[in-house]
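See below for the structure under consideration.
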Amino acid sequence: MFRVKSKNNLARHGRLETAHGAIETPFFMPIATRGAVKTMSSEDVRDLGAQIVLSNTYHLLLRPGSEGMKKLGGLHEFMHWGKPILTDSGGYQVFSLAKINATDDDGVSFQSHIDGTRIRLTPEGSMAMQAAIGSDIIMQFDDVAAGDSSRERYQEAMERSLGWARRCKDSYDQKQQIFGIVQGGTHEDLRRQSAEGLMDIGFDGYAIGGLSVGEKREDAFRITKFLGSTLPEDKPRYFMGGGMPEEIVYYVSVGVDMFDCVLPTRNARHGTLFVWKQDPKEAVRHAFQLAQEGANDAMIAENLYQSISITKEPYAFDLSPIDQFSDVVSSKTYTKAYLRHLFKTDEMLGLRLATMQNLGFYLRLMKELRRVI
RNA sequence: GCGGCCAUGGUGAAACGGUUAUCACACCAGUUUGUGGUACUGGUAUUACGGGUUCGAUUCCCGUUGGCCGCC
């Protein structure tokens with residue numbers, strides 16, 4: 001299923017086989033929360049170079065629901081996406097979205113943000129929904145603690161997630177690949193206990209959860225590096241939910257293979273663009289080298305990219321391309337002034353061009369990282 | 001030329017003889033990390049000019065300048 005093809009110190013370049021084709025690692029998953037990457041068609045996402053997308057059990061459970069999804073023939077067919085799909089289990093959404101919820105060892109109760117319906121989500125329920133979706137890779141249902149939690153809360157979330165991991169492994173559809181999620185906050189001993197517990201159960205891959213949720217970045221770096229040397233060599237490692245380009249470069253340098261993050265797509269809709277500072281080939285090679293030498297995040301980011309707010313006044317008459325180093329066609333043919341105009345006049349095309357730029361940036365970043373490993 | 005109306009941040013408006021002149025947009029700075037669909041939090045900046053009445057004027061009066069409407 002997963003094979004490491006080459007290594008550069010701790011970093012790995014590999015190949016992950018799925019029911020819908022193979023994926024070169026390390027890779028980034030654009031987020032199609034409700035079965036669509038916002039503003040993009042599946043063909044657009046494919047043409048930008050995405051190998052896989054992430055969708056959300058929580059959102060699809062609310063609409064179209066489990067029965068509806070079965071009737072529609074599963075998500076691949078529904079959204080006309082022939083490549084792999086990974087689904088999140090809904091555990092994180094309960095943590096980040098649901099205001100009213102009660103968590104106990106059996107599962108979670110919360111109210112739909114759409115119509116207030118009371119919903120019960122359990123490890124078994126999440127497995128059933130992910131089976132209905134037909135994802136290639138499914139995630140265990142987990143309990144996520146906020147980034148400033150007490151050790152007691154981190155421990156509770158970790159132990160509960162471990163119990164749920166067992167139940168997910170016992171009830172999932174075996175045609176799918178299932179990943180366990182390491183919890184334990186910023187404490188290495190809790191993380192180790194979590195990782196070992198999951199390895200005893202045995203999963204197709206291992207995710208690092210509960211980071212980028214408010215803790216300090218150096219804590220996330222430390223924990224991820226620690227897990228890079230703890231998790232099995234022959235299984236893919238997935239850093240959930242992160243991050244900025246410099247974070248991804250660092251995590252790849254310590255052995256992480258998979259990423260997803262809302263930043264490129266959400267920032268795009270808010271007019272914040274990731275723009276290459278120089279030719280990506282050279283930029284990424286240099287950033288990766290800095291990461292391996294233990295440089296901090298600011299140093300890694302320094303010559304890699306700049307973050308620009310396209311709505312700012314200085315771009316009003318800037319007729320230079322959106323990104324002269326991008327390989328996204330629209331980013332080379334349309335100007336910054338035009339994109340700013342589209343944002344200022346609320347034209348939908350602006351959201352789309354910005355999303356293409358940012359996703360194109362992230363996907364190119366991963367491509368260049370694969371080259372240097 | 002005569003008569004009438006008007007002049008408030010960069011723009012468009014609001015207010016009142018009495019605390020620190022309000023709002024929107026624009027502008028500037030920041031935030032966004034397993035997505036509740038274009039968000040959020042801060043910040044800069046204004047009574048055309050000159051004089052008068054008054055304890056106090058952005059408000060009332062006179063003049064200047066500028067604009068709009070009508071008349072010859």
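Scheme for the structure tokens: letters A, B, ... for chains in order shown; per-chain residue numbers from 1; ligand numbers from 1 in order shown.
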Next on the checklist: Which residues are near U38 of chain B? Cut-off 8 Å, only C-alpha atoms (C1' of nucleotides), ignore same chain within fewer than 5 positions. Put them as an MDAnalysis selection string.
Outcome noted: chainID A and resid 269:270 351
Would you save the residues from that selection as a PDB file, in the first residue's frame, using C-alpha atoms?
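What landed in part.pdb:
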```pdb
ATOM      1  CA  ARG A 269     -11.390  34.124  -0.481  1.00  0.00           C
ATOM      2  CA  HIS A 270     -10.197  36.823   1.903  1.00  0.00           C
ATOM      3  CA  LEU A 351     -12.404  34.317  -5.480  1.00  0.00           C
TER       4      LEU A 351
END
```
Next on the checklist: Near chain A, meaning an atom within 10 Å, which residues of chain B appear when counting only C-alpha atoms (C1' of nucleotides)? Write them as a VMD selection string.
Outcome noted: chain B and resid 26 to 28 32 to 39
Checklist entry - DSSP on the backbone: what in segment 166-344 of chain A comes out alpha helix (DSSP H), as number ranges by chain? => result A: 166-171, 188-201, 217-228, 245-253, 263-269, 280-292, 297-302, 329-333, 336-344
Item to check | DSSP strand (DSSP E) residues within segment 194-345 of chain A, listed as a list in words | outcome: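 So the strand (DSSP E) residues in segment 194-345 of chain A would be Gly205, Tyr206, Ala207, Ile208, Arg237, Tyr238, Phe239, Met258, Phe259, Asp260, Thr272, Leu273, Phe274, Val275, Trp276, Tyr305, Gln306, Ser307, Ile308 and Ser309 of chain A.
Atom CA of Lys216 of chain A is positioned 28.3 Å from atom CA of Ile138 of chain A.
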Item to check | Test item: residues at most 9 Å from Asp234 of chain A, only C-alpha atoms (C1' of nucleotides), excluding those fewer than 5 positions along its chain, as a count of residues only | outcome: 4
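The spacing separating atom CA of Leu227 of chain A from atom CA of Ile181 of chain A amounts to 11.7 Å.
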Next on the checklist: as a list in words, please: the residues near Lys336 of chain A (cut-off 10 Å, only C-alpha atoms (C1' of nucleotides), same-chain neighbours under 3 positions excluded).
Outcome noted: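 Listed by chain and then number, they are Ile310, Thr311, Pro314, Tyr315, Ala316, Phe317, Asp318, Leu319, Ser320, Pro321, Ile322, Asp323, Ser331, Lys332, Thr333, Leu339, Arg340, His341 and Leu342 of chain A.
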Next on the checklist: Neighbouring residues of segment 49-54 of chain B were defined as those with any atom within 10 Å, considering only C-alpha atoms (C1' of nucleotides); residues of the same chain fewer than 6 positions away were excluded. Please report them as a PyMOL selection string.
Outcome noted: chain B and resi 17+60-65
Take the residues that were just selected and, keeping N, CA and C atoms (P, O5', C5', C4', C3', O3' and C1' of nucleotides), output them as a compact mmCIF listing (two decimals), in the first residue's frame.
```txt
# COMPACT_ATOMS: atom_id res chain seq x y z
P G B 17 -30.40 72.62 18.14
O5' G B 17 -28.97 73.32 18.18
C5' G B 17 -28.80 74.68 18.52
C4' G B 17 -27.53 74.83 19.36
C3' G B 17 -27.76 74.56 20.84
O3' G B 17 -26.61 73.94 21.40
C1' G B 17 -26.79 76.67 20.56
P C B 60 -27.98 77.42 11.33
O5' C B 60 -28.07 78.78 12.18
C5' C B 60 -29.27 79.15 12.84
C4' C B 60 -29.21 80.57 13.33
C3' C B 60 -28.57 81.56 12.35
O3' C B 60 -29.50 82.01 11.39
C1' C B 60 -27.63 81.88 14.48
P C B 61 -28.99 82.53 9.95
O5' C B 61 -28.31 83.93 10.29
C5' C B 61 -29.10 85.04 10.69
C4' C B 61 -28.22 86.25 10.84
C3' C B 61 -27.34 86.58 9.64
O3' C B 61 -28.05 87.29 8.64
C1' C B 61 -26.04 86.67 11.60
P C B 62 -27.58 87.14 7.10
O5' C B 62 -26.24 87.99 7.07
C5' C B 62 -26.28 89.40 7.24
C4' C B 62 -24.89 89.97 7.16
C3' C B 62 -24.08 89.55 5.93
O3' C B 62 -24.41 90.31 4.78
C1' C B 62 -22.74 89.34 7.86
P G B 63 -24.27 89.64 3.33
O5' G B 63 -22.67 89.63 3.13
C5' G B 63 -21.97 90.86 3.00
C4' G B 63 -20.48 90.60 3.10
C3' G B 63 -19.89 89.68 2.03
O3' G B 63 -19.66 90.34 0.80
C1' G B 63 -19.04 89.07 4.15
P U B 64 -19.69 89.50 -0.55
O5' U B 64 -18.35 88.65 -0.41
C5' U B 64 -17.08 89.30 -0.42
C4' U B 64 -15.97 88.26 -0.32
C3' U B 64 -16.04 87.16 -1.37
O3' U B 64 -15.46 87.57 -2.60
C1' U B 64 -15.67 86.19 0.75
P U B 65 -16.08 86.95 -3.96
O5' U B 65 -15.59 85.44 -3.92
C5' U B 65 -14.19 85.13 -3.93
C4' U B 65 -13.98 83.66 -3.66
C3' U B 65 -14.79 82.72 -4.54
O3' U B 65 -14.19 82.52 -5.81
C1' U B 65 -14.97 82.03 -2.29
```
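Separating atom CA of Asp279 of chain A from atom CA of Met40 of chain A is a distance of 25.9 Å.
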Checklist entry - Could you pull the residues within 12 Å of Ala102 of chain A, counting only C-alpha atoms (C1' of nucleotides), minus those fewer than 4 positions along the same chain, as a PyMOL selection string? => result chain A and resi 94-95+98+106-111+118-122+143
Write out the residues from the selection above, keeping N, CA and C atoms, as a JSON list (two decimals), in the first residue's frame.
```json
[["chain", "number", "residue", "atom", "x", "y", "z"],
["A", 94, "VAL", "N", -16.72, 18.66, 15.70],
["A", 94, "VAL", "CA", -17.40, 18.77, 16.99],
["A", 94, "VAL", "C", -16.63, 19.73, 17.88],
["A", 95, "PHE", "N", -15.31, 19.64, 17.79],
["A", 95, "PHE", "CA", -14.44, 20.51, 18.59],
["A", 95, "PHE", "C", -14.49, 21.96, 18.10],
["A", 98, "ALA", "N", -19.28, 22.82, 16.65],
["A", 98, "ALA", "CA", -20.47, 22.63, 17.47],
["A", 98, "ALA", "C", -20.37, 23.42, 18.77],
["A", 106, "ASP", "N", -18.88, 7.18, 25.06],
["A", 106, "ASP", "CA", -19.53, 6.48, 23.95],
["A", 106, "ASP", "C", -19.48, 7.27, 22.65],
["A", 107, "GLY", "N", -19.59, 8.61, 22.75],
["A", 107, "GLY", "CA", -19.61, 9.43, 21.53],
["A", 107, "GLY", "C", -19.93, 10.88, 21.86],
["A", 108, "VAL", "N", -20.46, 11.59, 20.86],
["A", 108, "VAL", "CA", -20.70, 13.03, 21.01],
["A", 108, "VAL", "C", -22.12, 13.37, 20.57],
["A", 109, "SER", "N", -22.78, 14.24, 21.33],
["A", 109, "SER", "CA", -24.09, 14.75, 20.94],
["A", 109, "SER", "C", -23.95, 16.24, 20.65],
["A", 110, "PHE", "N", -24.56, 16.68, 19.56],
["A", 110, "PHE", "CA", -24.51, 18.10, 19.24],
["A", 110, "PHE", "C", -25.68, 18.45, 18.35],
["A", 111, "GLN", "N", -25.83, 19.75, 18.08],
["A", 111, "GLN", "CA", -26.93, 20.19, 17.23],
["A", 111, "GLN", "C", -26.42, 20.64, 15.88],
["A", 118, "ARG", "N", -30.84, 17.52, 16.63],
["A", 118, "ARG", "CA", -29.88, 16.89, 17.54],
["A", 118, "ARG", "C", -29.27, 15.68, 16.84],
["A", 119, "ILE", "N", -27.94, 15.62, 16.90],
["A", 119, "ILE", "CA", -27.24, 14.55, 16.20],
["A", 119, "ILE", "C", -26.30, 13.83, 17.17],
["A", 120, "ARG", "N", -26.24, 12.53, 17.01],
["A", 120, "ARG", "CA", -25.35, 11.72, 17.84],
["A", 120, "ARG", "C", -24.28, 11.14, 16.92],
["A", 121, "LEU", "N", -23.04, 11.39, 17.24],
["A", 121, "LEU", "CA", -21.98, 10.81, 16.44],
["A", 121, "LEU", "C", -21.11, 9.92, 17.33],
["A", 122, "THR", "N", -20.92, 8.68, 16.87],
["A", 122, "THR", "CA", -20.10, 7.72, 17.60],
["A", 122, "THR", "C", -19.03, 7.18, 16.65],
["A", 143, "ASP", "N", -11.17, 12.58, 19.74],
["A", 143, "ASP", "CA", -11.52, 13.68, 20.64],
["A", 143, "ASP", "C", -10.34, 14.64, 20.63]]
```
Item to check | Distance criterion (only C-alpha atoms): nearest to Trp164 of chain A out of A:Tyr251, A:Trp81, A:Phe221, A:Phe141 | outcome: A:Phe141
